[in-house]
Amino acid sequence: MTAISERCADMQASPIRKLVPLANAAKTRGTSVYHLNIGQPDIPTPEGYWKALKESLPEVLAYGPSQGLLVLREAISTYYSRAGIDIDTDEIIITTGGSEAVYFAFMTTCDVGDEVICFEPFYTNYNGFATMAGINLVPVTTVAENGFHLPSKSEIESKITEKTKAILICTPNNPTGTVLSPEELSTLSDIVQKNDLFLLSDEVYRDFVFDGGSHLSTLELPDIEDRVIVMDSISKRFSSCGARLGNMISRNKTIMEAALKLGQARLCPPTVAQYGAAWIYHHLSEDYYENIRTTYQNRRDLLINELSDVEGIFFLKPEGAFYATIKLPVKDADAFASWMLTDFQLNGETTMVAPAAGFYATPGLGLDLIRIAFVLSDDKMRKALNILKNGIKTYLETVQ
Ligand SMILES: Cc1ncc(COP(=O)(O)O)c(C=O)c1O
């Protein structure tokens with residue numbers, strides 16, 4: 001039998017999902033599992049979404065336009081204008097999740113063998129999309145001691161080669177919760193101008209900045225309008241991960257023409273979901289955004305309260321998004337996370353976390369780190385973290 005492609009054979013399994021078979025086996029044994037492994041919010045999708053879907057049910061569920069329905073692109077443009085950012089509907093293409101926006105950003109800026117500089121730890125699925133696009137992610141390591149903020153300009157520039165086409169950032173960050181400062185964004189702006197690069201900016205958590213901070217979008221940076229591509233999504237903003245809707249934004253017309261060709265190849269993004277998304281964008285007030293931000297900030301604080309007294313654990317206060325990258329006193333967080341599902345339970349329950357090595361491109365980094373998503377209600381978070389604490393104690397006493 002002929003071999004499958006090297007591309008897929010070499011592709012890493014997502015650390016967020018690869019332990020799912022173990023979680024399923026635990027559930028079959030009768031153990032309930034708290035999912036802190038995945039950024040799947042438990043906040044109900046705004047009710048009007050379902051009503052809007054029903055009202056727009058067509059007789060024929062037809063293809064829509066490749067760039068997405070105008071009504072949704074107008075709604076997104078209005079959302080950005082409320083934040084003081086002027087975006088024309090032609091500068092937006094609706095994608096199948098923010099995921100496809102990442103893929104389109106890679107595909108429109110890079111050829112096979114080109115390099116994109118990124119900051120590790122990074123959203124693990126960038127690896128998969130880089131493999132699909134045939135590009136190389138070149139990591140610059142960020143460290144907890146520095147709040148996972150960017151290293152010096154010279155360290156970043158030292159990674160630039162003649163193959164480098166872009167720098168990829170994510171702010172607020174998954175998996176660290178770090179929010180890049182205006183100074184850091186200004187440094188990146190200098191670098192991309194000086195070295196003639198694109199700046200790919202994943203801003204899917206832009207509504208979740210804590211402690212009174214605000215989000216500066218790369219769309220607001222002067223002088224690099226033509227270089228910026230923003231990747232955005234409604235998955236987390238509107239607790240609508242299953243709608244599979246995101247968008248890519250760029251003021252660079254050539255990039256948008258190229259993205260449209262990619263869009264035409266896959267025909268169109270999900271049609272029905274777009275009506276619901278447009279309704280939400282048009283109808284939600286500032287209170288909605290304020291409420292979800294406060295909810296996640298409170299959960300962040302709960303996480304800090306529950307875990308700060310645990311010996312051997314180290315983590316920083318996330319500045320935004322809804323993730324924390326946590327150092328454990330274990331040698332192999334992958335083995336620990338698996339063991340939590342195969343061998344541990346407390347009163348018939350266990351907790352699933354994501355081992356963080358897969359969020360690094362440099363082999364050997366992140367082996368003692370896990371990522372936790374604080375996406376469950378306070379009560380469930382408390383129980384899940386208590387199980388985690390007990391699991392760590394038992395693991396250290398009996399396994400490691
Ligand atoms: C940083 C980041 N970008 C992109 C995505 C993709 O999200 P979706 O495809 O659901 O919009 C995610 C999902 O967790 C994410 O965390």
# chains A, B, ... in the order shown; residues from 1 in each chain; ligands from 1

$ select_by_dssp --residues "range 144-320 of chain A" --states "helix (DSSP H, G or I)" --output "CSV table (one decimal) with N, CA and C atoms, in the first residue's frame"
chain,number,residue,atom,x,y,z
A,144,ALA,N,8.0,33.1,31.2
A,144,ALA,CA,7.1,33.4,32.2
A,144,ALA,C,7.7,34.6,33.1
A,145,GLU,N,9.0,34.6,33.3
A,145,GLU,CA,9.7,35.6,34.1
A,145,GLU,C,9.4,37.0,33.6
A,146,ASN,N,9.2,37.1,32.2
A,146,ASN,CA,8.9,38.3,31.6
A,146,ASN,C,7.4,38.5,31.2
A,153,LYS,N,13.9,43.7,20.6
A,153,LYS,CA,13.8,43.9,19.1
A,153,LYS,C,14.9,43.1,18.4
A,154,SER,N,16.2,43.2,19.0
A,154,SER,CA,17.3,42.5,18.3
A,154,SER,C,17.1,41.0,18.3
A,155,GLU,N,16.5,40.5,19.4
A,155,GLU,CA,16.3,39.0,19.4
A,155,GLU,C,15.3,38.6,18.4
A,156,ILE,N,14.3,39.4,18.2
A,156,ILE,CA,13.3,39.1,17.2
A,156,ILE,C,13.9,39.2,15.8
A,157,GLU,N,14.6,40.3,15.6
A,157,GLU,CA,15.2,40.6,14.3
A,157,GLU,C,16.3,39.5,13.9
A,182,PRO,N,1.1,48.8,23.8
A,182,PRO,CA,1.3,49.7,22.6
A,182,PRO,C,2.7,49.8,22.2
A,183,GLU,N,3.6,49.7,23.2
A,183,GLU,CA,5.1,49.8,22.9
A,183,GLU,C,5.5,48.6,22.1
A,184,GLU,N,5.1,47.4,22.6
A,184,GLU,CA,5.5,46.2,21.9
A,184,GLU,C,4.9,46.2,20.4
A,185,LEU,N,3.7,46.7,20.3
A,185,LEU,CA,3.1,46.7,18.9
A,185,LEU,C,3.9,47.7,18.0
A,186,SER,N,4.3,48.8,18.7
A,186,SER,CA,5.1,49.8,17.9
A,186,SER,C,6.4,49.2,17.5
A,187,THR,N,7.1,48.4,18.4
A,187,THR,CA,8.3,47.7,18.0
A,187,THR,C,8.1,46.8,16.8
A,188,LEU,N,7.0,46.1,16.9
A,188,LEU,CA,6.7,45.1,15.7
A,188,LEU,C,6.5,45.9,14.5
A,189,SER,N,5.8,47.0,14.6
A,189,SER,CA,5.5,47.9,13.4
A,189,SER,C,6.8,48.3,12.8
A,190,ASP,N,7.8,48.7,13.6
A,190,ASP,CA,9.1,49.1,13.1
A,190,ASP,C,9.8,48.0,12.4
A,191,ILE,N,9.7,46.8,13.0
A,191,ILE,CA,10.4,45.6,12.4
A,191,ILE,C,9.8,45.3,11.1
A,192,VAL,N,8.5,45.3,11.0
A,192,VAL,CA,7.9,44.8,9.7
A,192,VAL,C,8.1,45.9,8.6
A,193,GLN,N,8.2,47.2,9.0
A,193,GLN,CA,8.5,48.2,8.0
A,193,GLN,C,9.9,48.1,7.5
A,194,LYS,N,10.8,48.0,8.5
A,194,LYS,CA,12.2,47.9,8.1
A,194,LYS,C,12.6,46.7,7.3
A,218,THR,N,-3.9,45.9,15.9
A,218,THR,CA,-2.9,46.2,14.9
A,218,THR,C,-3.5,47.0,13.8
A,219,LEU,N,-4.9,47.0,13.7
A,219,LEU,CA,-5.5,47.8,12.7
A,219,LEU,C,-5.4,49.3,13.0
A,220,GLU,N,-5.1,49.6,14.2
A,220,GLU,CA,-4.9,51.0,14.7
A,220,GLU,C,-3.5,51.5,14.5
A,241,CYS,N,-18.9,28.7,19.2
A,241,CYS,CA,-17.8,27.9,18.6
A,241,CYS,C,-18.4,27.1,17.5
A,242,GLY,N,-19.6,26.5,17.6
A,242,GLY,CA,-20.1,25.6,16.6
A,242,GLY,C,-20.7,26.3,15.4
A,243,ALA,N,-20.8,27.6,15.4
A,243,ALA,CA,-21.3,28.3,14.2
A,243,ALA,C,-20.2,28.2,13.1
A,253,LYS,N,-5.5,45.6,-0.7
A,253,LYS,CA,-6.4,45.1,-1.7
A,253,LYS,C,-5.9,43.8,-2.4
A,254,THR,N,-4.6,43.8,-2.6
A,254,THR,CA,-4.1,42.6,-3.3
A,254,THR,C,-4.2,41.3,-2.4
A,255,ILE,N,-4.0,41.5,-1.1
A,255,ILE,CA,-4.3,40.4,-0.1
A,255,ILE,C,-5.7,40.0,-0.2
A,256,MET,N,-6.6,41.0,-0.2
A,256,MET,CA,-8.1,40.6,-0.2
A,256,MET,C,-8.5,40.0,-1.5
A,257,GLU,N,-7.9,40.4,-2.6
A,257,GLU,CA,-8.2,39.7,-3.9
A,257,GLU,C,-7.7,38.2,-3.8
A,258,ALA,N,-6.6,38.0,-3.2
A,258,ALA,CA,-6.0,36.7,-3.1
A,258,ALA,C,-6.9,35.8,-2.2
A,259,ALA,N,-7.3,36.5,-1.1
A,259,ALA,CA,-8.1,35.7,-0.1
A,259,ALA,C,-9.5,35.3,-0.7
A,260,LEU,N,-10.0,36.2,-1.6
A,260,LEU,CA,-11.2,35.9,-2.3
A,260,LEU,C,-11.1,34.7,-3.2
A,261,LYS,N,-9.9,34.6,-3.8
A,261,LYS,CA,-9.7,33.4,-4.7
A,261,LYS,C,-9.7,32.1,-3.8
A,262,LEU,N,-9.1,32.2,-2.6
A,262,LEU,CA,-9.1,31.0,-1.7
A,262,LEU,C,-10.6,30.8,-1.3
A,263,GLY,N,-11.3,31.9,-1.0
A,263,GLY,CA,-12.7,31.8,-0.6
A,263,GLY,C,-13.6,31.1,-1.7
A,264,GLN,N,-13.3,31.5,-2.9
A,264,GLN,CA,-14.0,30.9,-4.1
A,264,GLN,C,-13.8,29.4,-4.2
A,265,ALA,N,-12.5,29.0,-3.9
A,265,ALA,CA,-12.2,27.6,-4.0
A,265,ALA,C,-13.0,26.8,-3.0
A,271,THR,N,-23.8,29.4,5.5
A,271,THR,CA,-24.8,30.4,5.2
A,271,THR,C,-25.7,30.8,6.4
A,272,VAL,N,-26.4,29.8,6.9
A,272,VAL,CA,-27.4,30.0,8.0
A,272,VAL,C,-26.8,30.7,9.2
A,273,ALA,N,-25.6,30.2,9.6
A,273,ALA,CA,-25.0,30.8,10.8
A,273,ALA,C,-24.7,32.3,10.7
A,274,GLN,N,-24.5,32.7,9.4
A,274,GLN,CA,-24.2,34.1,9.2
A,274,GLN,C,-25.3,35.1,9.6
A,275,TYR,N,-26.6,34.6,9.3
A,275,TYR,CA,-27.7,35.4,9.7
A,275,TYR,C,-27.8,35.6,11.2
A,276,GLY,N,-27.6,34.5,11.9
A,276,GLY,CA,-27.6,34.6,13.4
A,276,GLY,C,-26.5,35.5,13.9
A,277,ALA,N,-25.3,35.4,13.3
A,277,ALA,CA,-24.1,36.2,13.7
A,277,ALA,C,-24.4,37.7,13.5
A,278,ALA,N,-25.0,38.0,12.3
A,278,ALA,CA,-25.3,39.4,12.0
A,278,ALA,C,-26.3,40.0,13.0
A,279,TRP,N,-27.3,39.1,13.4
A,279,TRP,CA,-28.3,39.6,14.4
A,279,TRP,C,-27.5,39.9,15.7
A,280,ILE,N,-26.6,39.0,16.1
A,280,ILE,CA,-26.0,39.3,17.4
A,280,ILE,C,-25.2,40.5,17.4
A,281,TYR,N,-24.4,40.7,16.3
A,281,TYR,CA,-23.5,41.9,16.2
A,281,TYR,C,-24.4,43.2,16.3
A,282,HIS,N,-25.6,43.1,15.6
A,282,HIS,CA,-26.4,44.3,15.6
A,282,HIS,C,-27.1,44.6,16.9
A,283,HIS,N,-27.4,43.5,17.7
A,283,HIS,CA,-28.4,43.7,18.8
A,283,HIS,C,-27.7,43.8,20.2
A,286,GLU,N,-23.4,47.3,24.9
A,286,GLU,CA,-22.1,47.3,25.6
A,286,GLU,C,-22.1,46.4,26.8
A,287,ASP,N,-23.3,46.3,27.4
A,287,ASP,CA,-23.5,45.5,28.7
A,287,ASP,C,-23.1,44.1,28.5
A,288,TYR,N,-23.4,43.6,27.3
A,288,TYR,CA,-23.1,42.2,27.0
A,288,TYR,C,-21.6,42.0,27.1
A,289,TYR,N,-20.9,42.9,26.4
A,289,TYR,CA,-19.4,42.7,26.4
A,289,TYR,C,-18.8,42.9,27.8
A,290,GLU,N,-19.4,43.9,28.5
A,290,GLU,CA,-18.9,44.1,29.9
A,290,GLU,C,-19.1,42.9,30.7
A,291,ASN,N,-20.3,42.3,30.6
A,291,ASN,CA,-20.7,41.1,31.4
A,291,ASN,C,-19.7,39.9,31.1
A,292,ILE,N,-19.5,39.6,29.9
A,292,ILE,CA,-18.6,38.4,29.6
A,292,ILE,C,-17.2,38.7,30.1
A,293,ARG,N,-16.8,40.0,29.9
A,293,ARG,CA,-15.4,40.3,30.3
A,293,ARG,C,-15.3,40.1,31.9
A,294,THR,N,-16.3,40.6,32.6
A,294,THR,CA,-16.3,40.5,34.0
A,294,THR,C,-16.4,39.0,34.5
A,295,THR,N,-17.2,38.2,33.7
A,295,THR,CA,-17.3,36.8,34.1
A,295,THR,C,-16.0,36.1,34.0
A,296,TYR,N,-15.3,36.3,32.9
A,296,TYR,CA,-14.0,35.7,32.7
A,296,TYR,C,-12.9,36.2,33.7
A,297,GLN,N,-13.0,37.5,34.0
A,297,GLN,CA,-12.0,38.0,35.0
A,297,GLN,C,-12.3,37.4,36.3
A,298,ASN,N,-13.6,37.3,36.7
A,298,ASN,CA,-13.9,36.6,38.0
A,298,ASN,C,-13.4,35.2,38.0
A,299,ARG,N,-13.5,34.5,36.9
A,299,ARG,CA,-13.0,33.1,36.9
A,299,ARG,C,-11.5,33.1,36.9
A,300,ARG,N,-10.9,34.0,36.3
A,300,ARG,CA,-9.4,34.1,36.4
A,300,ARG,C,-9.0,34.3,37.9
A,301,ASP,N,-9.8,35.2,38.6
A,301,ASP,CA,-9.4,35.4,40.0
A,301,ASP,C,-9.7,34.2,40.8
A,302,LEU,N,-10.7,33.5,40.5
A,302,LEU,CA,-11.0,32.2,41.2
A,302,LEU,C,-9.9,31.2,41.0
A,303,LEU,N,-9.4,31.1,39.8
A,303,LEU,CA,-8.3,30.2,39.5
A,303,LEU,C,-7.0,30.6,40.4
A,304,ILE,N,-6.8,31.9,40.4
A,304,ILE,CA,-5.6,32.3,41.2
A,304,ILE,C,-5.8,32.0,42.7
A,305,ASN,N,-7.0,32.2,43.2
A,305,ASN,CA,-7.3,31.9,44.6
A,305,ASN,C,-7.1,30.4,44.9
A,306,GLU,N,-7.6,29.6,44.0
A,306,GLU,CA,-7.6,28.1,44.2
A,306,GLU,C,-6.2,27.5,44.1
A,307,LEU,N,-5.4,28.1,43.2
A,307,LEU,CA,-4.1,27.4,42.9
A,307,LEU,C,-2.9,28.1,43.5

$ residues_near_ligand --ligand "ligand 1" --cutoff "7 Å" --atoms "only C-alpha atoms and all ligand atoms" --output "ChimeraX atom specification"
/A:39,96-100,123,170,173-174,202,204,233-235,241,244-246

$ write_last_selection --atoms "C-alpha atoms" --output "compact mmCIF listing (two decimals), in the first residue's frame"
# COMPACT_ATOMS: atom_id res chain seq x y z
CA GLY A 39 -11.58 26.95 25.13
CA THR A 96 -15.12 29.20 8.41
CA GLY A 97 -14.01 30.06 11.93
CA GLY A 98 -10.99 32.12 12.89
CA SER A 99 -9.19 28.89 11.96
CA GLU A 100 -9.73 29.44 8.26
CA TYR A 123 -1.93 28.69 19.81
CA CYS A 170 -1.85 36.67 19.16
CA ASN A 173 -2.77 35.45 23.91
CA ASN A 174 -3.77 31.83 23.88
CA ASP A 202 -4.81 36.94 15.80
CA VAL A 204 -10.02 36.58 18.50
CA SER A 233 -13.84 35.02 15.24
CA ILE A 234 -17.25 34.93 16.87
CA SER A 235 -16.52 31.58 18.56
CA CYS A 241 -17.85 27.92 18.59
CA ARG A 244 -17.83 28.04 12.57
CA LEU A 245 -17.65 31.70 11.69
CA GLY A 246 -14.70 34.03 11.76

$ select_by_dssp --residues "range 244-384 of chain A" --states "strand (DSSP E or B)" --output "ChimeraX atom specification"
/A:246-250,314-315,320,323-327,346,349-352,354-355,369-373

$ write_last_selection --atoms "C-alpha atoms" --output "PDB file, in the first residue's frame"
ATOM      1  CA  GLY A 246     -14.698  34.032  11.764  1.00  0.00           C
ATOM      2  CA  ASN A 247     -13.284  36.702   9.523  1.00  0.00           C
ATOM      3  CA  MET A 248     -10.071  38.001   8.066  1.00  0.00           C
ATOM      4  CA  ILE A 249      -9.513  41.741   7.748  1.00  0.00           C
ATOM      5  CA  SER A 250      -6.954  43.577   5.655  1.00  0.00           C
ATOM      6  CA  PHE A 314       3.874  28.569  39.207  1.00  0.00           C
ATOM      7  CA  PHE A 315       1.770  30.739  36.950  1.00  0.00           C
ATOM      8  CA  GLY A 320      -6.747  38.674  29.040  1.00  0.00           C
ATOM      9  CA  TYR A 323      -6.276  30.708  29.582  1.00  0.00           C
ATOM     10  CA  ALA A 324      -3.445  30.229  32.035  1.00  0.00           C
ATOM     11  CA  THR A 325      -0.187  28.444  31.324  1.00  0.00           C
ATOM     12  CA  ILE A 326       0.816  26.686  34.533  1.00  0.00           C
ATOM     13  CA  LYS A 327       4.115  25.129  35.559  1.00  0.00           C
ATOM     14  CA  LEU A 346     -12.179  11.898  43.137  1.00  0.00           C
ATOM     15  CA  GLU A 349     -14.955  12.869  38.814  1.00  0.00           C
ATOM     16  CA  THR A 350     -11.725  13.953  37.164  1.00  0.00           C
ATOM     17  CA  THR A 351     -10.276  16.996  35.365  1.00  0.00           C
ATOM     18  CA  MET A 352      -8.894  17.201  31.836  1.00  0.00           C
ATOM     19  CA  ALA A 354      -4.038  20.372  27.930  1.00  0.00           C
ATOM     20  CA  PRO A 355      -0.320  19.505  28.172  1.00  0.00           C
ATOM     21  CA  LEU A 369       3.522  23.038  31.635  1.00  0.00           C
ATOM     22  CA  ILE A 370      -0.217  22.634  31.229  1.00  0.00           C
ATOM     23  CA  ARG A 371      -2.781  25.034  29.824  1.00  0.00           C
ATOM     24  CA  ILE A 372      -6.044  25.559  31.651  1.00  0.00           C
ATOM     25  CA  ALA A 373      -9.075  27.216  30.044  1.00  0.00           C
TER      26      ALA A 373
END

$ closest_residue --among "A:Glu203, A:Arg29, A:Leu72, A:Asn252" --to "Ile224 in chain A" --atoms "only C-alpha atoms"
A:Asn252

$ closest_residue --among "A:Cys8, A:Lys331, A:Leu376, A:Glu311" --to "Lys393 in chain A" --atoms "only C-alpha atoms"
A:Glu311

$ residues_around --residues "Pro44 in chain A" --least-positions-apart "4" --cutoff "10 Å" --atoms "only C-alpha atoms" --output "PyMOL selection string"
chain A and resi 238-240

$ residues_around --residues "range 337-340 of chain A" --least-positions-apart "5" --cutoff "10 Å" --atoms "only C-alpha atoms" --output "ChimeraX atom specification"
/A:18-20,22-23,26,33,37,332,345,350-355,370,387-388,391-392,395,399

$ atom_distance --atom1 "CA of Phe106 in chain A" --atom2 "CA of Asp223 in chain A"
21.7 Å

$ closest_residue --among "A:Gly84, A:Pro46, A:Pro41, A:Pro363" --to "Ala321 in chain A" --atoms "only C-alpha atoms"
A:Pro41

$ atom_distance --atom1 "CA of Ser158 in chain A" --atom2 "CA of Gln12 in chain A"
26.8 Å

$ residues_around --residues "range 73-77 of chain A" --least-positions-apart "5" --cutoff "8 Å" --atoms "only C-alpha atoms" --output "compact mmCIF listing (two decimals) with N, CA and C atoms, in the first residue's frame"
# COMPACT_ATOMS: atom_id res chain seq x y z
N GLY A 68 -18.65 36.13 2.05
CA GLY A 68 -19.59 36.17 3.18
C GLY A 68 -20.73 37.12 2.88
N ASP A 86 -12.04 52.13 11.58
CA ASP A 86 -12.80 52.18 10.32
C ASP A 86 -12.42 51.02 9.41
N ILE A 87 -13.37 50.14 9.17
CA ILE A 87 -13.13 49.00 8.28
C ILE A 87 -14.26 48.95 7.27
N ASP A 88 -13.90 48.94 6.01
CA ASP A 88 -14.88 48.85 4.95
C ASP A 88 -15.33 47.40 4.77
N THR A 89 -16.55 47.20 4.28
CA THR A 89 -17.02 45.81 4.10
C THR A 89 -16.14 45.03 3.11
N ILE A 92 -13.19 42.97 4.58
CA ILE A 92 -13.53 41.84 5.46
C ILE A 92 -13.91 40.65 4.59
N ILE A 93 -13.38 39.48 4.90
CA ILE A 93 -13.89 38.25 4.28
C ILE A 93 -14.31 37.32 5.42
N ILE A 94 -15.52 36.79 5.30
CA ILE A 94 -16.02 35.87 6.33
C ILE A 94 -15.38 34.50 6.09
N ALA A 278 -25.00 38.00 12.31
CA ALA A 278 -25.31 39.40 11.99
C ALA A 278 -26.29 39.95 13.02
N TYR A 281 -24.37 40.69 16.31
CA TYR A 281 -23.54 41.90 16.20
C TYR A 281 -24.41 43.15 16.28
N HIS A 282 -25.58 43.12 15.62
CA HIS A 282 -26.42 44.32 15.57
C HIS A 282 -27.14 44.58 16.89

$ closest_residue --among "A:Asp368, A:Ala357, A:Lys389, A:Leu61" --to "Ser14 in chain A" --atoms "only C-alpha atoms"
A:Ala357

$ residues_around --residues "Val330 in chain A" --least-positions-apart "6" --cutoff "8 Å" --atoms "only C-alpha atoms" --output "list in words"
Phe336, Asp368, Leu396 and Gln400 of chain A

$ write_last_selection --atoms "C-alpha atoms" --output "short mmCIF file (atom, residue, chain, number, x, y, z; two decimals), in the first residue's frame"
data_model
loop_
_atom_site.label_atom_id
_atom_site.label_comp_id
_atom_site.auth_asym_id
_atom_site.auth_seq_id
_atom_site.Cartn_x
_atom_site.Cartn_y
_atom_site.Cartn_z
CA PHE A 336 0.36 13.60 34.05
CA ASP A 368 6.28 20.63 32.68
CA LEU A 396 3.79 13.11 43.14
CA GLN A 400 6.67 10.35 40.02
#

$ residues_around --residues "Asp10 in chain A" --least-positions-apart "3" --cutoff "12 Å" --atoms "only C-alpha atoms" --output "list in words"
Ile4, Ser5, Glu6, Arg7, Ala13, Asn127, Gly128, Ala130, Thr131, Met132 and Gly134 of chain A

$ closest_residue --among "A:Ile313, A:Asp379, A:Tyr49, A:Pro175" --to "Leu328 in chain A" --atoms "only C-alpha atoms"
A:Ile313

$ atom_distance --atom1 "CA of Thr178 in chain A" --atom2 "CA of Lys317 in chain A"
8.8 Å
